[in-house]
Amino acid sequence: MSVEQLVYIAFFIGLLSAASLPLGALTTLIWRPGDRAIAWLMAFGAGALLSAVTIDLFAPAIHNGYFFASAIGAITGSLFYLFLNHQLNEQGGFLRKTATTIQYFRNRHKKRRQRLQNSLDNLPFFKELPDHEQALFLEALQSEYYAENDILYHHSDCKNAFYIIEHGTVKLRDPDLGLKTFRALSHGEAFGRMAFFSSLRNATLAQAASDLMVWRLDRQTFNTILSKTDTLPEILANYVQYNSELRTYLLSRHRMNEVQANSHLQTICDSLLHRRCLPEPELEAMDIELAWKRLMHARRFELFEHCDAALKELIAGKLELRTLYAGQTIFSNRSKADRLYLLESGEVELIDPNLQRFGFEMLKPGDFFGAKAFVVGGKHSNSAIAKADVRFWVLNKSDFLYLLRQLDPLYTHLKNYFKTSDIKQYLIQEQKLPESQAQEWLKRSLTRLLPGQLPSLEALSHSFRQHKAAYLAIWLGIMLDGIPESFMIGAHMTDGHMISMSLIAALFLSNYPEALSSSASMREQGISFNKVFSAWFFLMLMTGIGAALGSLLLNGANLISFAVISGMAAGAMLTVIAETMLPEAYLKGGSIIGFVTLIGFLTAVLFKTLDTGMM
């Protein structure tokens, strides 16, 4: 047989063996198999493939006396597959199969717990706790996600929680420095704990510098742990009393003198030792009447000016009173506008970076500020600085959205507010949008505005970028699974014999359930049928091309080289079977899967007997 004929035959056989891949994708148009059906098909295919790998690839090498060459090739192929598979899974390729998805999240959970343990070890008191009390901490921490630029807490907030970074970075911003970043934190570091253990308001602002996952422990859960442990209250009391970092925090951040700091620390220790809990923060009493009176005569926000007294009373119930010192920054230019402000007492200066010093606006009690950026979901176009000690009301976005859902008149006022020229001019002058773009944005926002929602200037058309990246990783993962079988075909044809029917049948039978299972899983991830089918169709072509190239490049190879190449392909395929096919089959089908695997194995052997009978 000429080399050219060998290449064409290898290409055709590669296509034939992989034709079941697009067939599996097509099947999902008329049949979405249940878990048991997928499990049986997967186990049958795995058994057939096991037969082909052992009989058609390993057996010839062993028969020719090249076991060690075949074994070295198998180990190399397996390790190479595992390395590439790990890299692709980290980018989203694990979604191609249920088994790889489950294994990915299982490994991820294990690593997360270990990282959390290492992070807690950095806390001054944690290492002194016995193992069972450490375990209570590990079980109590909750995982939370924040998108880039999200604010975890503002200065003057009382979040009653502390955080440990699992993944991503956090910027701590100092209100005494114009909310400039004074410290950047990364994975494993804790923050918010000084305010948490001192039972005071947060003295800094914490913002996600990237997409962020954190572990969070709230005060109520922590007090529950304190009540269940024997040693933690005493260990924590010693930390509060003798560790200097908490005392320094009170003196520098909350501007206490020595007497005040000592008294506050003693109060914490007494609560820990006698009540077995942290003291509750001393918050300013909720004064709805005071907030309502301020709202009745508030200025600089047309939306609330049209609300009647009854509606303003309901809004007042969501306002929270805050206090800051002279010289501290309330919000900075280009920061995310996630709350609305109303000045109660003192003076606030709005500093516009585009204006000269004499053009800055001075706010008086009763003035709203940060309002327009708040309702359009944008960023502040100026900075707000306390010129004297100030008290101000804040309305968080979550509370405002709740009011919009519950109060139809407020929702109506909001729609009318977006129709005013005030908002359009703000978008053009402050947010720097071209007039046509501002007009289009307002039109689209009004069309899509629903109760309980606000538009967002930052919500641009990039929602599919991560989805596309994950799809690419899935496709590469599928291709990785198919590379070994194209090697098998090309390698098998280099020994001068026609490829066996058992190998072709085994590959065809194993490819179909793999494609069916993966296609169903990918469709559940929201990937369109056209993309799923294209992935399998191109993989079929690449399998044919890979087989053709393999037969061309390995033509004339000696028996040792053939044993190594066959071993590499077989090792990779055995790893695929053990890592994805059989685990997924057992997960979905139970103990019967062992028997179904045997049936698949015997079916492939039956084709081998047909090969023998034809020779």
# chains A, B, ... in the order shown; residues from 1 in each chain; ligands from 1
$ residues_around --residues "stretch 245-258 of chain A" --least-positions-apart "5" --cutoff "12 Å" --atoms "only C-alpha atoms" --output "MDAnalysis selection string"
chainID A and resid 123:124 155:156 174:176 192:204 236:240 263:266 268 323:325 328
$ residues_around --residues "stretch 298-300 of chain A" --least-positions-apart "6" --cutoff "8 Å" --atoms "only C-alpha atoms" --output "short mmCIF file (atom, residue, chain, number, x, y, z; two decimals) with C-alpha atoms, in the first residue's frame"
data_model
loop_
_atom_site.label_atom_id
_atom_site.label_comp_id
_atom_site.auth_asym_id
_atom_site.auth_seq_id
_atom_site.Cartn_x
_atom_site.Cartn_y
_atom_site.Cartn_z
CA LEU A 342 -28.91 63.98 52.65
CA GLY A 366 -31.24 69.86 53.89
CA ASP A 367 -29.26 69.38 50.66
CA PHE A 368 -29.23 66.07 48.82
CA PHE A 369 -25.98 65.11 47.13
#
$ atom_distance --atom1 "atom CA of A:Phe191" --atom2 "atom CA of A:Ser456"
28.8 Å
$ select_by_dssp --residues "stretch 62-269 of chain A" --states "strand (DSSP E or B)" --output "PyMOL selection string"
chain A and resi 142-146+151-153+161-167+170-174+180-185+190-191+205-208+212-218
$ write_last_selection --atoms "C-alpha atoms" --output "PDB file, in the first residue's frame"
ATOM      1  CA  GLN A 142     -20.049  32.002  54.449  1.00  0.00           C
ATOM      2  CA  SER A 143     -18.792  32.598  50.910  1.00  0.00           C
ATOM      3  CA  GLU A 144     -19.824  35.789  49.098  1.00  0.00           C
ATOM      4  CA  TYR A 145     -19.104  37.179  45.623  1.00  0.00           C
ATOM      5  CA  TYR A 146     -18.497  40.822  44.666  1.00  0.00           C
ATOM      6  CA  ILE A 151     -18.194  48.341  47.689  1.00  0.00           C
ATOM      7  CA  LEU A 152     -18.268  45.843  50.550  1.00  0.00           C
ATOM      8  CA  TYR A 153     -18.756  48.517  53.187  1.00  0.00           C
ATOM      9  CA  ALA A 161     -18.867  41.239  60.051  1.00  0.00           C
ATOM     10  CA  PHE A 162     -15.282  40.573  59.138  1.00  0.00           C
ATOM     11  CA  TYR A 163     -13.958  39.147  55.898  1.00  0.00           C
ATOM     12  CA  ILE A 164     -11.206  36.878  54.599  1.00  0.00           C
ATOM     13  CA  ILE A 165     -10.256  37.077  50.928  1.00  0.00           C
ATOM     14  CA  GLU A 166     -10.552  33.775  49.119  1.00  0.00           C
ATOM     15  CA  HIS A 167      -9.814  35.045  45.622  1.00  0.00           C
ATOM     16  CA  VAL A 170      -9.519  44.486  47.906  1.00  0.00           C
ATOM     17  CA  LYS A 171      -8.663  48.177  48.220  1.00  0.00           C
ATOM     18  CA  LEU A 172      -8.977  49.795  51.648  1.00  0.00           C
ATOM     19  CA  ARG A 173      -9.635  53.528  51.220  1.00  0.00           C
ATOM     20  CA  ASP A 174      -8.940  56.113  53.905  1.00  0.00           C
ATOM     21  CA  LYS A 180      -7.212  57.169  48.473  1.00  0.00           C
ATOM     22  CA  THR A 181      -6.143  53.547  48.661  1.00  0.00           C
ATOM     23  CA  PHE A 182      -3.801  53.124  51.599  1.00  0.00           C
ATOM     24  CA  ARG A 183      -3.636  49.349  51.524  1.00  0.00           C
ATOM     25  CA  ALA A 184      -4.235  46.637  48.926  1.00  0.00           C
ATOM     26  CA  LEU A 185      -5.157  43.163  50.181  1.00  0.00           C
ATOM     27  CA  ALA A 190      -8.522  39.492  56.641  1.00  0.00           C
ATOM     28  CA  PHE A 191     -10.142  42.905  56.846  1.00  0.00           C
ATOM     29  CA  LEU A 205     -14.031  51.929  52.911  1.00  0.00           C
ATOM     30  CA  ALA A 206     -13.499  48.462  51.411  1.00  0.00           C
ATOM     31  CA  GLN A 207     -13.859  48.086  47.631  1.00  0.00           C
ATOM     32  CA  ALA A 208     -13.310  45.127  45.335  1.00  0.00           C
ATOM     33  CA  LEU A 212     -13.815  38.954  44.445  1.00  0.00           C
ATOM     34  CA  MET A 213     -14.743  35.945  46.575  1.00  0.00           C
ATOM     35  CA  VAL A 214     -14.613  36.402  50.334  1.00  0.00           C
ATOM     36  CA  TRP A 215     -15.400  34.403  53.431  1.00  0.00           C
ATOM     37  CA  ARG A 216     -17.694  36.358  55.751  1.00  0.00           C
ATOM     38  CA  LEU A 217     -18.477  35.887  59.450  1.00  0.00           C
ATOM     39  CA  ASP A 218     -21.255  38.000  60.967  1.00  0.00           C
TER      40      ASP A 218
END
$ closest_residue --among "A:Gly490, A:Gly188, A:Pro513, A:Pro279" --to "A:Ser551" --atoms "only C-alpha atoms"
A:Gly490
$ closest_residue --among "A:Leu598, A:Val605, A:Leu442, A:Leu290" --to "A:Glu313" --atoms "only C-alpha atoms"
A:Leu290
$ residues_around --residues "stretch 227-235 of chain A" --least-positions-apart "2" --cutoff "8 Å" --atoms "only C-alpha atoms" --output "PyMOL selection string"
chain A and resi 125+128-129+133+223-225+237-239+272-273+276-277
$ residues_around --residues "A:Ile62" --least-positions-apart "5" --cutoff "12 Å" --atoms "only C-alpha atoms" --output "ChimeraX atom specification"
/A:54-57,67-71,559-560,562-564,566-567
